[in-house]
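Novice: So I've got this file, final-v7.tsv, and it contains TSV, C-alpha atoms:
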chain	number	residue	atom	x	y	z
A	1	MET	CA	67.53	-68.45	-15.05
A	2	ASN	CA	67.57	-65.78	-12.38
A	3	GLU	CA	70.23	-66.29	-9.69
A	4	ASN	CA	70.21	-62.92	-7.91
A	5	PHE	CA	68.87	-64.57	-4.73
A	6	GLU	CA	72.26	-64.07	-3.06
A	7	ILE	CA	71.80	-60.31	-3.25
A	8	TYR	CA	68.63	-60.53	-1.21
A	9	GLY	CA	69.64	-63.49	0.98
A	10	PHE	CA	66.67	-65.55	-0.22
A	11	HIS	CA	67.07	-69.25	-0.82
A	12	VAL	CA	63.99	-69.83	-2.91
A	13	ALA	CA	63.63	-71.85	-6.10
A	14	ALA	CA	60.92	-73.02	-8.43
A	15	ILE	CA	60.91	-75.83	-10.94
A	16	VAL	CA	59.54	-74.16	-14.06
A	17	HIS	CA	57.52	-76.55	-16.18
A	18	SER	CA	54.80	-76.85	-18.74
A	19	GLU	CA	53.65	-80.34	-17.71
A	20	HIS	CA	52.38	-80.78	-14.10
A	21	GLY	CA	52.94	-84.49	-13.62
A	22	VAL	CA	56.64	-84.25	-14.40
A	23	ALA	CA	57.29	-81.49	-11.86
A	24	ASP	CA	55.11	-83.13	-9.20
A	25	ASN	CA	56.99	-86.43	-9.43
A	26	LEU	CA	60.38	-84.75	-9.64
A	27	LEU	CA	59.74	-82.59	-6.59
A	28	ALA	CA	58.47	-85.56	-4.57
A	29	ASP	CA	61.42	-87.76	-5.59
A	30	PHE	CA	63.85	-84.97	-4.72
A	31	ALA	CA	62.30	-84.29	-1.31
A	32	PHE	CA	62.03	-87.96	-0.32
A	33	GLY	CA	65.59	-88.55	-1.56
A	34	LEU	CA	66.97	-85.74	0.61
A	35	ARG	CA	65.08	-87.15	3.62
A	36	ARG	CA	66.59	-90.61	2.97
A	37	ASP	CA	70.01	-88.95	2.90
A	38	GLY	CA	69.41	-87.51	6.37
A	39	TRP	CA	68.43	-83.94	5.51
A	40	ARG	CA	65.62	-82.32	7.46
A	41	VAL	CA	63.03	-81.67	4.75
A	42	GLN	CA	59.46	-80.65	5.58
A	43	GLY	CA	56.43	-79.48	3.67
A	44	LEU	CA	54.09	-80.85	1.04
A	45	VAL	CA	54.42	-82.79	-2.18
A	46	GLN	CA	51.67	-83.73	-4.59
A	47	GLN	CA	51.19	-87.37	-5.51
A	48	GLU	CA	48.60	-89.62	-7.10
A	49	ILE	CA	47.88	-92.35	-4.56
A	50	GLY	CA	45.81	-95.41	-5.27
A	51	GLY	CA	44.76	-94.48	-8.78
A	52	HIS	CA	44.91	-91.73	-11.35
A	53	GLY	CA	43.25	-88.39	-11.80
A	54	LYS	CA	41.73	-85.89	-9.45
A	55	ALA	CA	40.24	-88.43	-7.03
A	56	ALA	CA	43.70	-89.91	-6.39
A	57	THR	CA	45.59	-86.60	-6.15
A	58	MET	CA	46.82	-85.94	-2.64
A	59	LEU	CA	49.01	-83.49	-0.84
A	60	VAL	CA	51.40	-85.52	1.30
A	61	ASP	CA	53.04	-84.11	4.43
A	62	LEU	CA	56.72	-85.03	4.19
A	63	GLU	CA	57.13	-85.14	7.96
A	64	ASN	CA	54.35	-87.50	8.97
A	65	GLY	CA	52.86	-88.90	5.76
A	66	MET	CA	49.42	-87.35	6.33
A	67	ARG	CA	47.44	-87.21	3.10
A	68	TYR	CA	45.08	-84.44	2.13
A	69	PRO	CA	42.78	-84.80	-0.91
A	70	LEU	CA	43.50	-81.93	-3.26
A	71	PHE	CA	40.20	-82.05	-5.12
A	72	GLN	CA	36.58	-82.58	-4.16
A	73	ASP	CA	34.12	-84.57	-6.23
A	74	LEU	CA	31.59	-82.12	-7.62
A	75	GLY	CA	29.91	-84.63	-9.90
A	76	PRO	CA	30.30	-85.40	-13.61
A	77	GLY	CA	28.49	-82.32	-14.93
A	78	SER	CA	30.25	-79.74	-12.83
A	79	THR	CA	32.36	-77.04	-14.45
A	80	SER	CA	33.32	-75.36	-11.15
A	81	CYS	CA	36.80	-75.41	-9.69
A	82	SER	CA	37.11	-78.65	-7.75
A	83	LEU	CA	40.12	-77.64	-5.63
A	84	ASP	CA	39.32	-78.56	-2.04
A	85	GLN	CA	40.09	-75.31	-0.21
A	86	SER	CA	39.40	-76.77	3.24
A	87	SER	CA	41.77	-79.67	2.61
A	88	LEU	CA	44.41	-77.25	1.32
A	89	ALA	CA	44.00	-75.16	4.47
A	90	ALA	CA	44.39	-78.27	6.62
A	91	ALA	CA	47.51	-79.32	4.70
A	92	SER	CA	49.08	-75.89	5.18
A	93	ILE	CA	49.95	-76.92	8.73
A	94	ALA	CA	52.93	-78.78	7.24
A	95	LEU	CA	54.42	-75.48	6.07
A	96	ARG	CA	53.59	-73.69	9.32
A	97	GLU	CA	55.30	-76.52	11.21
A	98	ALA	CA	58.36	-76.10	8.97
A	99	LEU	CA	58.47	-72.46	10.02
A	100	VAL	CA	58.71	-73.59	13.65
A	101	GLN	CA	61.11	-76.51	13.10
A	102	GLN	CA	63.53	-74.64	10.77
A	103	PRO	CA	64.37	-77.58	8.46
A	104	ASP	CA	67.20	-77.68	5.95
A	105	LEU	CA	64.58	-77.32	3.21
A	106	ALA	CA	60.87	-76.56	3.01
A	107	VAL	CA	58.82	-77.85	0.08
A	108	ALA	CA	55.55	-76.41	-1.21
A	109	ASN	CA	53.93	-78.56	-3.87
A	110	ARG	CA	53.38	-75.65	-6.23
A	111	PHE	CA	52.83	-71.99	-6.83
A	112	GLY	CA	49.71	-72.08	-8.97
A	113	ALA	CA	46.52	-70.26	-9.80
A	114	VAL	CA	45.33	-69.85	-6.22
A	115	GLU	CA	48.72	-68.56	-5.04
A	116	ALA	CA	48.81	-66.15	-8.00
A	117	GLU	CA	45.51	-64.79	-6.63
A	118	GLY	CA	47.05	-64.34	-3.17
A	119	LYS	CA	45.44	-67.44	-1.66
A	120	GLY	CA	46.32	-71.10	-1.12
A	121	LEU	CA	49.75	-71.61	0.42
A	122	MET	CA	50.99	-68.12	-0.39
A	123	THR	CA	51.03	-66.83	3.21
A	124	GLU	CA	53.00	-69.83	4.45
A	125	MET	CA	55.46	-69.59	1.55
A	126	LEU	CA	56.05	-65.90	2.25
A	127	ALA	CA	56.65	-66.61	5.94
A	128	LEU	CA	59.24	-69.27	5.11
A	129	ILE	CA	61.03	-66.98	2.66
A	130	ALA	CA	60.99	-64.08	5.14
A	131	ASP	CA	62.46	-66.34	7.82
A	132	GLY	CA	65.31	-67.41	5.54
A	133	ILE	CA	64.28	-71.07	5.33
A	134	PRO	CA	65.25	-72.52	1.95
A	135	LEU	CA	62.10	-73.18	-0.07
A	136	ILE	CA	61.48	-75.06	-3.28
A	137	THR	CA	58.26	-75.32	-5.22
A	138	SER	CA	57.12	-75.76	-8.79
A	139	VAL	CA	55.47	-73.26	-11.09
A	140	ALA	CA	53.81	-73.78	-14.44
A	141	SER	CA	55.09	-71.51	-17.18
A	142	ASP	CA	51.57	-69.97	-17.28
A	143	TYR	CA	52.19	-68.53	-13.78
A	144	LEU	CA	55.86	-67.63	-14.16
A	145	MET	CA	55.25	-63.89	-14.25
A	146	ASP	CA	53.10	-64.15	-11.10
A	147	TRP	CA	55.87	-66.18	-9.43
A	148	ARG	CA	58.46	-63.54	-10.30
A	149	MET	CA	56.27	-60.82	-8.83
A	150	PHE	CA	55.65	-62.95	-5.72
A	151	CYS	CA	59.33	-63.45	-4.99
A	152	GLY	CA	60.49	-60.10	-6.33
A	153	ASN	CA	62.59	-61.75	-9.04
A	154	ALA	CA	64.78	-63.11	-6.23
A	155	GLY	CA	64.00	-66.77	-6.87
A	156	VAL	CA	66.04	-69.26	-8.82
A	157	GLU	CA	64.21	-70.78	-11.76
A	158	LEU	CA	65.18	-74.40	-12.28
A	159	PRO	CA	64.55	-76.69	-15.23
A	160	PRO	CA	62.68	-79.92	-14.42
A	161	GLU	CA	65.88	-81.96	-14.05
A	162	ILE	CA	67.04	-83.74	-10.88
A	163	ASP	CA	70.64	-82.53	-11.27
A	164	ALA	CA	69.49	-78.91	-11.35
A	165	LEU	CA	67.63	-79.41	-8.05
A	166	ARG	CA	70.57	-81.18	-6.44
A	167	ASN	CA	73.02	-78.50	-7.57
A	168	TRP	CA	70.79	-75.71	-6.26
A	169	PHE	CA	70.41	-77.41	-2.88
A	170	ALA	CA	74.14	-78.17	-2.63
A	171	GLY	CA	74.85	-74.52	-3.44
A	172	ILE	CA	72.64	-73.12	-0.71
A	173	GLN	CA	74.02	-75.62	1.81
A	174	SER	CA	77.62	-74.67	0.99
A	175	ARG	CA	76.83	-70.95	1.32
A	176	GLU	CA	75.14	-71.53	4.68
A	177	ARG	CA	78.23	-73.33	5.98
A	178	SER	CA	80.66	-70.67	4.71
A	179	PRO	CA	81.96	-68.16	7.26
Rewrite the structure of this file - the entire thing - as structure tokens.
Specialist:
Amino acid sequence: MNENFEIYGFHVAAIVHSEHGVADNLLADFAFGLRRDGWRVQGLVQQEIGGHGKAATMLVDLENGMRYPLFQDLGPGSTSCSLDQSSLAAASIALREALVQQPDLAVANRFGAVEAEGKGLMTEMLALIADGIPLITSVASDYLMDWRMFCGNAGVELPPEIDALRNWFAGIQSRERSP
């Protein structure tokens, strides 16, 4: 795990995983748990709401509960990418609002294929990192090299374990409070 983020002053971490559902649920549980504990946490988590599969997969705004469908129904025979780019663009307001509100932690549901191509939520994530707002996301092992290039090897890579997330967050909070 790379912990040279202190050198650069970045407080950015990614849950590195090989199974999406585990990281999605872990990140959502972590973010909602911090909010229940009184921390100001904003951004987006990915959840299956009201069913299973692509039709039920939503991006959920942590601040107001708005739901954005992540995929569009292209029909049973389609082989095209079903990611709903317009819905993703609409959901990105949650990260832009975090940039304005300066929360204790910003959450981006994932750094994936579209971010690796320079699209998706990449611009918002870069703005949060540049502004020094702590950011956590998830990244599949398939995109780990892209993630490292994106954050200049300055991000912390966390295993998909709740204690690792809690320890990382506690560490950045203690450094921010230190003189």
Novice: What does the distance between atom CA of Gly112 of chain A and atom CA of Leu27 of chain A come to in Å, to one decimal place?
Specialist: 14.7 Å
Novice: Using only C-alpha atoms, what residues lie at most 12 Å away from (47.5, -64.8, -5.3) (file coordinates), given as a list in words?
Specialist: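 Residues close enough to count: Phe111, Gly112, Ala113, Val114, Glu115, Ala116, Glu117, Gly118, Lys119, Gly120, Leu121, Met122, Thr123, Met125, Leu126, Tyr143, Met145, Asp146, Trp147, Met149, Phe150 and Cys151 of chain A.
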Novice: Just how far from atom CA of Ala170 of chain A is atom CA of Met58 of chain A, in Å to one decimal?
Specialist: 28.4 Å
Novice: What does the structure give for the distance between atom CA of Pro160 of chain A and atom CA of Ser141 of chain A, in Å to one decimal?
Specialist: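 Spanning atom CA of Pro160 of chain A to atom CA of Ser141 of chain A is a straight-line distance of 11.7 Å.
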Novice: Excluding segment 37-40 of chain A and any residue of its chain fewer than 6 positions from it, enumerate the residues within 12 Å of it, using all atoms listed in the file, and give them as a PyMOL selection string.
Specialist: chain A and resi 30-31+62-63+98+101-107+133-134+169-170+173
Novice: For Ser18 of chain A, which residue among A:Ala140, A:Gly33, A:Gly43, A:Val100 is the nearest when counting only C-alpha atoms?
Specialist: A:Ala140
Novice: Dump as a list in words all residues having an atom at most 7 Å from (57.0, -67.6, 11.0), computed in the file's coordinates with all atoms listed in the file.
Specialist: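 Output: Leu99, Val100, Ala127, Leu128 and Asp131 of chain A.
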Novice: Which of these residues is nearest to Leu165 of chain A, using all atoms listed in the file: A:Ile15, A:Leu135, A:Val45, A:Met66?
Specialist: A:Ile15
Novice: Since the input has fewer atoms than a full residue there, write segment 104-115 of chain A out with all heavy atoms, as an mmCIF file, in the frame of the given file.
Specialist:
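Result file follows (selection.cif):
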data_model
loop_
_atom_site.group_PDB
_atom_site.id
_atom_site.type_symbol
_atom_site.label_atom_id
_atom_site.label_comp_id
_atom_site.auth_asym_id
_atom_site.auth_seq_id
_atom_site.Cartn_x
_atom_site.Cartn_y
_atom_site.Cartn_z
ATOM 1 N N ASP A 104 66.198 -78.017 6.957
ATOM 2 C CA ASP A 104 67.200 -77.680 5.950
ATOM 3 C C ASP A 104 66.537 -77.204 4.661
ATOM 4 O O ASP A 104 67.116 -76.412 3.911
ATOM 5 C CB ASP A 104 68.067 -78.910 5.635
ATOM 6 C CG ASP A 104 68.824 -79.412 6.854
ATOM 7 O OD1 ASP A 104 69.459 -78.589 7.544
ATOM 8 O OD2 ASP A 104 68.764 -80.629 7.129
ATOM 9 N N LEU A 105 65.318 -77.687 4.417
ATOM 10 C CA LEU A 105 64.580 -77.320 3.210
ATOM 11 C C LEU A 105 63.089 -77.460 3.460
ATOM 12 O O LEU A 105 62.650 -78.443 4.062
ATOM 13 C CB LEU A 105 64.976 -78.229 2.032
ATOM 14 C CG LEU A 105 64.276 -77.978 0.698
ATOM 15 C CD1 LEU A 105 64.649 -76.603 0.144
ATOM 16 C CD2 LEU A 105 64.642 -79.062 -0.307
ATOM 17 N N ALA A 106 62.328 -76.490 3.000
ATOM 18 C CA ALA A 106 60.870 -76.560 3.010
ATOM 19 C C ALA A 106 60.404 -76.756 1.562
ATOM 20 O O ALA A 106 60.989 -76.189 0.636
ATOM 21 C CB ALA A 106 60.253 -75.296 3.595
ATOM 22 N N VAL A 107 59.356 -77.540 1.405
ATOM 23 C CA VAL A 107 58.820 -77.850 0.080
ATOM 24 C C VAL A 107 57.346 -77.485 0.048
ATOM 25 O O VAL A 107 56.580 -77.887 0.922
ATOM 26 C CB VAL A 107 58.983 -79.364 -0.232
ATOM 27 C CG1 VAL A 107 58.384 -79.691 -1.603
ATOM 28 C CG2 VAL A 107 60.446 -79.778 -0.165
ATOM 29 N N ALA A 108 56.962 -76.709 -0.947
ATOM 30 C CA ALA A 108 55.550 -76.410 -1.210
ATOM 31 C C ALA A 108 55.243 -77.017 -2.573
ATOM 32 O O ALA A 108 55.964 -76.759 -3.542
ATOM 33 C CB ALA A 108 55.298 -74.911 -1.211
ATOM 34 N N ASN A 109 54.195 -77.799 -2.662
ATOM 35 C CA ASN A 109 53.930 -78.560 -3.870
ATOM 36 C C ASN A 109 53.886 -77.724 -5.145
ATOM 37 O O ASN A 109 54.350 -78.155 -6.177
ATOM 38 C CB ASN A 109 52.643 -79.378 -3.745
ATOM 39 C CG ASN A 109 51.414 -78.508 -3.645
ATOM 40 O OD1 ASN A 109 51.325 -77.654 -2.769
ATOM 41 N ND2 ASN A 109 50.459 -78.711 -4.536
ATOM 42 N N ARG A 110 53.359 -76.503 -5.032
ATOM 43 C CA ARG A 110 53.380 -75.650 -6.230
ATOM 44 C C ARG A 110 52.921 -74.241 -5.917
ATOM 45 O O ARG A 110 52.220 -73.985 -4.950
ATOM 46 C CB ARG A 110 52.550 -76.244 -7.350
ATOM 47 C CG ARG A 110 51.074 -75.923 -7.357
ATOM 48 C CD ARG A 110 50.416 -76.405 -8.620
ATOM 49 N NE ARG A 110 51.041 -77.623 -9.079
ATOM 50 C CZ ARG A 110 50.428 -78.638 -9.641
ATOM 51 N NH1 ARG A 110 49.144 -78.579 -9.865
ATOM 52 N NH2 ARG A 110 51.071 -79.718 -10.027
ATOM 53 N N PHE A 111 53.345 -73.348 -6.773
ATOM 54 C CA PHE A 111 52.830 -71.990 -6.830
ATOM 55 C C PHE A 111 51.957 -71.990 -8.068
ATOM 56 O O PHE A 111 52.465 -72.067 -9.185
ATOM 57 C CB PHE A 111 53.979 -70.984 -6.957
ATOM 58 C CG PHE A 111 53.504 -69.561 -7.033
ATOM 59 C CD1 PHE A 111 53.410 -68.794 -5.888
ATOM 60 C CD2 PHE A 111 53.154 -68.999 -8.245
ATOM 61 C CE1 PHE A 111 52.966 -67.476 -5.952
ATOM 62 C CE2 PHE A 111 52.701 -67.681 -8.321
ATOM 63 C CZ PHE A 111 52.612 -66.926 -7.167
ATOM 64 N N GLY A 112 50.639 -71.968 -7.848
ATOM 65 C CA GLY A 112 49.710 -72.080 -8.970
ATOM 66 C C GLY A 112 48.698 -70.966 -9.008
ATOM 67 O O GLY A 112 48.923 -69.869 -8.491
ATOM 68 N N ALA A 113 47.560 -71.263 -9.586
ATOM 69 C CA ALA A 113 46.520 -70.260 -9.800
ATOM 70 C C ALA A 113 46.054 -69.619 -8.499
ATOM 71 O O ALA A 113 45.891 -68.396 -8.430
ATOM 72 C CB ALA A 113 45.329 -70.871 -10.529
ATOM 73 N N VAL A 114 45.829 -70.432 -7.466
ATOM 74 C CA VAL A 114 45.330 -69.850 -6.220
ATOM 75 C C VAL A 114 46.380 -68.990 -5.533
ATOM 76 O O VAL A 114 46.060 -67.949 -4.950
ATOM 77 C CB VAL A 114 44.750 -70.916 -5.247
ATOM 78 C CG1 VAL A 114 43.477 -71.509 -5.783
ATOM 79 C CG2 VAL A 114 45.753 -71.989 -4.933
ATOM 80 N N GLU A 115 47.657 -69.385 -5.614
ATOM 81 C CA GLU A 115 48.720 -68.560 -5.040
ATOM 82 C C GLU A 115 48.889 -67.267 -5.851
ATOM 83 O O GLU A 115 49.122 -66.197 -5.275
ATOM 84 C CB GLU A 115 50.044 -69.340 -4.978
ATOM 85 C CG GLU A 115 50.059 -70.409 -3.904
ATOM 86 C CD GLU A 115 49.290 -71.669 -4.280
ATOM 87 O OE1 GLU A 115 49.050 -71.914 -5.492
ATOM 88 O OE2 GLU A 115 48.914 -72.405 -3.347
#
